[in-house]
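Novice: Below is a structure I'd like to ask you about.
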Amino acid sequence: MTPRRHYSLTLRLALVFALLAFALLATLGVALYRELERELIRRDDAALISRVDQLRNLLNDSNTLELIRNKPELFQNMLGNRESVLSIAAPGQQPLLLVNPGNIDLPAVTPVPKGHVLDLTDVQHLAGVNGVPLAALAASIDSGDLGNLQVTSGRLMTERTAMLASYRLSVYILAGIAALALALAGYLLVHRGLLPLRRLAQHAQGIGVGNLAERLDSRGAPKELLPMIDAFNTMLERLAKGFAQLSQVSTDMAHELRTPINNLLGETQVALHQQRSVDSYQQLLASNVEELERLARMLDNMLFLARTDPASALRQRQALSAADEVERIAEYFEGLASDRGMRILAAGQGEIWAEPMLLRRALANLCANAIKYGAAHSELRIEAMPTDEGLILRVSNQGETIAAEHLPRLFERFYRVDESRERSAHSNGLGLSIVATIMQLHNGRYSVSSQNGVTRFELLFPGREAD
Amino acid sequence: MNILVVEDEPKAGNYLLNGLQELGYSVSLARDGVDGLHQALETPFDVIVLDVMMPKMDGWEVLRRLRKEADTPVLFLTARDDIADRIKGLELGADDYLIKPFSFAELVARLRTLTRRGPTREEDQLHIADLHIEVLKRRVTRAGTRITLTNKEFALLHLFATHQGQVLSRSLIASRVWDMNFDSDTNVVDVAVRRLRLKIDDPFQLKLIHSVRGIGYRFDTQP
């Protein structure tokens, strides 16, 4: 398959301009030409009629016949030019008078009867010589002694044809020039009109990873380009945001890796410095295992977050009893909670349409957080509520209110409300972002609110009918 | 138990060989796929641990050729957390898999499961030293004293008692007792074990639950 060639808008518009200009002007020219031609023919025909009419009146007088014999120059002068021809003849005989300076081959023309008043329809238009039209008119006259005579006058339209031809030529030349001029003007106009587009393209080309904050300039751009510039700029906005997030995640991850690796390296190097007891070696190894498990967990979580295949999660959804799941989580965290003097209140009904492992993981992450940040000797509530849309799982704990500015960012990877406080082997700052990912995999929603010492996380799992 | 380990990574091969030998298994190590397949076809093994990513002949190919001749249980090791990868392995006839990094205790537990012949009969009465467990009645006594346990505490004790002498990793315990098949970033298992100890170990001289540093827990009459 050959790729389609890209056409040039400028060239195309210039060509369209040229064609339109030529067509319009040529049509106009042709119309005017026809009008002129008709008018010229009418005038020539009228002249012919008046001549034949004059001759008819003249020749009806017998004296005039003598004029023909004696002073034929008179008639010759009467015609005045080489294009005209005049013959006076009895039917079927040599003409009495033939004025034919141009040697025109005069064909036989049916004469108009005597009493008839001549008008334009009586003029006969013949093909003539070499395609030059010939207009001819014949009339019968009664000359008395010579009997019935026929006056035939004709005119070859050489001059007229030439004039019309030059007129036609002028029309075409003018139309052609206009077409060329318009094509050129069109080309220049479009080329100039597209200048902002080229400028934008050049600008866009200069935007890279290093200057994603830059935006296309809409100053001086035509109105038609504004939506495109806006769309492009919002796209840049999104890209810049995504890119910033991504690089933030990489940076954060590198920082997170630093602590366990530093521990591993330091502890092991110190241990190797001198001979130690078996017990201290064992302690070192156990500590190493702890750090390594932390790394493995982080790796596992990062890979989980990078997973972008919602289809498989969606396929593996099943209907789960909300009461059972809530109960299971409550039992799982029972010990941990009572260590802190917290009580877990779990209640719920309805059906959760979810992939079981992902659901439990999300719920476990929320509960682990709630126990970690909840006030000692308070209550942790795990509730399930069916709604029209699906099922809402709510985990609420009592404790310090989280400032509103932190709330929207809680679900970001590695985001921590208090940087200094919360680093531990069991917290890698990924728990809530995993919850967010799990909810996205389920086409669900998640939210958090924190007011008056109660922090509440809500997860909405869409019902089975929502598919 | 006769185990064949096919693993090209030298350090990984060595620790698997040593670790499994120290548990009393007879272990052969093949350092590449070709050797692995050769050994697997020569000697009848009880179970094969097969790395997927190997030069010359990869794990898939070894498995494919092996399955034409024998149905030795195969556990494959993969570094790729990819569902398609796992499915491929299981379709080729593998029996189980582990994703690297995995805990050694987990591997041992899986190998034991794979080589267990036939269905094991659930015993109703368990006696470990002076501890008595009646599974169906959910009654636990130690040295004649009745001990009351919650459901999950009982499940944990039952798991320990049926895996006497084995080291159980935290993730295995979480998975068997609570059906939580992932590493939750919490010390739920440690807390649960501590609470169980409080009831069945602390009041008595002989301790049954032992911490194995860096790995998990072992239930045994021997310290």
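Labels for the structure tokens follow display order: chains A, B, ..., residues from 1 in each chain, ligands from 1.
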Could you make a table, as CSV, of the residues of chain A that have an atom within 10 Å of an atom of chain B, each with its nearest atom pair and distance in Å to one decimal, counting only C-alpha atoms, in chain and number order?
Specialist:
residue,atom,partner,partner_atom,distance
A:Gln282,CA,B:Arg213,CA,7.9
A:Gln283,CA,B:Arg213,CA,7.8
A:Leu284,CA,B:Gly214,CA,9.8
A:Leu285,CA,B:Gly214,CA,7.5
A:Ala286,CA,B:Gly214,CA,4.4
A:Ser287,CA,B:Gly214,CA,7.0
A:Asn288,CA,B:Gly214,CA,8.0
A:Val289,CA,B:Gly214,CA,5.3
A:Glu290,CA,B:Gly214,CA,6.2
A:Glu291,CA,B:Gly214,CA,9.7
A:Leu292,CA,B:Pro101,CA,9.5
A:Glu293,CA,B:Ser103,CA,8.7
A:Arg294,CA,B:Asp185,CA,8.8
A:Leu295,CA,B:Pro101,CA,9.8
A:Ala296,CA,B:Pro101,CA,6.6
A:Arg297,CA,B:Asp183,CA,6.8
A:Met298,CA,B:Asp185,CA,9.5
A:Leu299,CA,B:Pro101,CA,9.4
A:Asp300,CA,B:Asp81,CA,8.7
A:Asn301,CA,B:Asp183,CA,9.3
A:Leu303,CA,B:Asp81,CA,7.8
A:Phe304,CA,B:Asp81,CA,8.9
A:Arg307,CA,B:Asp82,CA,9.3
A:Ser312,CA,B:Ile83,CA,8.9
A:Arg328,CA,B:Trp178,CA,7.1
A:Ile329,CA,B:Trp178,CA,8.3
A:Glu331,CA,B:Lys152,CA,7.3
A:Tyr332,CA,B:Trp178,CA,6.3
A:Phe333,CA,B:Val188,CA,6.6
A:Glu334,CA,B:Ala192,CA,8.7
A:Gly335,CA,B:Ala192,CA,5.9
A:Leu336,CA,B:Val188,CA,5.9
A:Ala337,CA,B:Val188,CA,9.4
A:Ser338,CA,B:Val191,CA,9.8
A:Asp339,CA,B:Val191,CA,8.0
A:Pro356,CA,B:Met180,CA,9.6
A:Met357,CA,B:Asn181,CA,6.9
A:Leu358,CA,B:Phe182,CA,9.4
A:Arg360,CA,B:Met180,CA,7.1
A:Arg361,CA,B:Ser184,CA,7.3
A:Ala362,CA,B:Ser184,CA,9.8
A:Ala364,CA,B:Ser184,CA,7.1
A:Asn365,CA,B:Ser184,CA,7.2
A:Ala368,CA,B:Thr186,CA,6.8
A:Asn369,CA,B:Thr186,CA,9.5
A:Lys372,CA,B:Thr186,CA,9.6
A:Ala425,CA,B:Asp185,CA,8.2
A:His426,CA,B:Asp185,CA,4.8
A:Ser427,CA,B:Asp185,CA,6.3
A:Asn428,CA,B:Asp185,CA,8.2
A:Leu430,CA,B:Asp185,CA,9.7
A:Gly431,CA,B:Asp185,CA,8.1
Novice: Show which residues sit within 6 Å of A:Leu137, as a ChimeraX atom specification. Count only C-alpha atoms, and ignore same-chain residues fewer than 5 positions away.
Specialist: /A:123,152-153
Novice: Measuring atom to atom with only C-alpha atoms, identify which of B:Gln166, B:Ser171, B:Thr145, B:Ser26 is nearest to B:Ile209.
Specialist: B:Gln166
Novice: I need the residues in stretch 54-177 of chain B that are strand (DSSP E) according to DSSP; give them as a list in words.
Specialist: Val74, Leu75, Phe76, Leu77, Thr78, Asp96, Tyr97, Leu98, Ile99, Gln125, Leu126, His127, Ile128, Leu131, His132, Ile133, Glu134, Arg139, Val140, Thr141, Arg142, Thr145, Arg146, Ile147, Val167, Leu168 and Ser169 of chain B
Novice: Among stretch 112-163 of chain B, which residues carry a DSSP assignment of alpha helix (DSSP H), reported as a JSON list (two decimals) with N, CA and C atoms, in the first residue's frame?
Specialist:
[["chain", "number", "residue", "atom", "x", "y", "z"],
["B", 112, "ARG", "N", 6.69, -29.36, 49.47],
["B", 112, "ARG", "CA", 6.06, -30.39, 50.30],
["B", 112, "ARG", "C", 4.66, -30.69, 49.78],
["B", 113, "THR", "N", 3.93, -29.63, 49.46],
["B", 113, "THR", "CA", 2.57, -29.83, 48.96],
["B", 113, "THR", "C", 2.59, -30.64, 47.66],
["B", 114, "LEU", "N", 3.55, -30.31, 46.79],
["B", 114, "LEU", "CA", 3.60, -30.99, 45.49],
["B", 114, "LEU", "C", 3.91, -32.47, 45.62],
["B", 115, "THR", "N", 4.71, -32.82, 46.63],
["B", 115, "THR", "CA", 5.13, -34.22, 46.72],
["B", 115, "THR", "C", 4.25, -35.05, 47.64],
["B", 151, "ASN", "N", -11.72, -17.95, 66.85],
["B", 151, "ASN", "CA", -11.70, -18.74, 65.61],
["B", 151, "ASN", "C", -10.35, -18.71, 64.93],
["B", 152, "LYS", "N", -9.84, -17.50, 64.77],
["B", 152, "LYS", "CA", -8.59, -17.37, 64.02],
["B", 152, "LYS", "C", -7.41, -17.89, 64.82],
["B", 153, "GLU", "N", -7.45, -17.75, 66.11],
["B", 153, "GLU", "CA", -6.39, -18.32, 66.94],
["B", 153, "GLU", "C", -6.38, -19.84, 66.81],
["B", 154, "PHE", "N", -7.57, -20.39, 66.75],
["B", 154, "PHE", "CA", -7.65, -21.84, 66.60],
["B", 154, "PHE", "C", -7.12, -22.25, 65.22],
["B", 155, "ALA", "N", -7.50, -21.50, 64.19],
["B", 155, "ALA", "CA", -7.03, -21.80, 62.84],
["B", 155, "ALA", "C", -5.50, -21.74, 62.78],
["B", 156, "LEU", "N", -4.94, -20.76, 63.46],
["B", 156, "LEU", "CA", -3.49, -20.60, 63.47],
["B", 156, "LEU", "C", -2.82, -21.78, 64.18],
["B", 157, "LEU", "N", -3.38, -22.15, 65.32],
["B", 157, "LEU", "CA", -2.83, -23.27, 66.08],
["B", 157, "LEU", "C", -2.93, -24.56, 65.27],
["B", 158, "HIS", "N", -4.05, -24.72, 64.59],
["B", 158, "HIS", "CA", -4.25, -25.92, 63.79],
["B", 158, "HIS", "C", -3.24, -26.00, 62.65],
["B", 159, "LEU", "N", -2.99, -24.85, 62.04],
["B", 159, "LEU", "CA", -1.99, -24.79, 60.97],
["B", 159, "LEU", "C", -0.62, -25.19, 61.52],
["B", 160, "PHE", "N", -0.28, -24.62, 62.66],
["B", 160, "PHE", "CA", 1.01, -24.96, 63.28],
["B", 160, "PHE", "C", 1.10, -26.45, 63.59],
["B", 161, "ALA", "N", 0.04, -26.96, 64.20],
["B", 161, "ALA", "CA", 0.06, -28.34, 64.68],
["B", 161, "ALA", "C", 0.14, -29.33, 63.53],
["B", 162, "THR", "N", -0.47, -28.98, 62.37],
["B", 162, "THR", "CA", -0.41, -29.91, 61.24],
["B", 162, "THR", "C", 0.88, -29.74, 60.45]]
Novice: Taking only C-alpha atoms into account, name the residue in A:Pro408, A:Pro386, A:Gly463, A:Pro111 that is nearest to A:Tyr446.
Specialist: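 Ranking A:Pro408, A:Pro386, A:Gly463, A:Pro111 by distance to A:Tyr446, first place goes to A:Pro408.
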Novice: So how many Å separate atom CA of A:Pro222 and atom CA of A:His191, to one decimal?
Specialist: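 Atom CA of A:His191 lies at a distance of 13.6 Å from atom CA of A:Pro222.
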Novice: Residues within 12 Å of B:Ile128, please, as JSON, numbers by chain. Count only C-alpha atoms; anything in the same chain fewer than 6 positions from it doesn't count.
Specialist: {"B": [134, 140, 141, 142, 143, 157, 158, 160, 161, 162, 163, 164, 165, 200, 206, 207, 208, 209, 219, 220, 221, 222]}
Novice: Near stretch 22-25 of chain B, within 10 Å and counting only C-alpha atoms, which residues show up once chain neighbours fewer than 6 positions away are dropped, as a list in words?
Specialist: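 What passes the distance filter is Met1, Asn2, Ile3, Leu16, Val108 and Gln166 of chain B.
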Novice: Excluding same-chain residues fewer than 6 positions from A:Pro196, what lies within 10 Å of it counting only C-alpha atoms, as a VMD selection string?
Specialist: chain A and resid 202 217 to 222 225
Novice: In Å, rounded to a single decimal, give me how far atom CA of A:Glu412 is from atom CA of A:Phe243.
Specialist: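 Separating atom CA of A:Phe243 from atom CA of A:Glu412 is a distance of 13.9 Å.
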Novice: For A:Ala26, work out the shell of residues within 8 Å, counting only C-alpha atoms and skipping chain neighbours fewer than 4 positions away, then give it as number ranges by chain.
Specialist: A: 22, 30, 171-172, 175
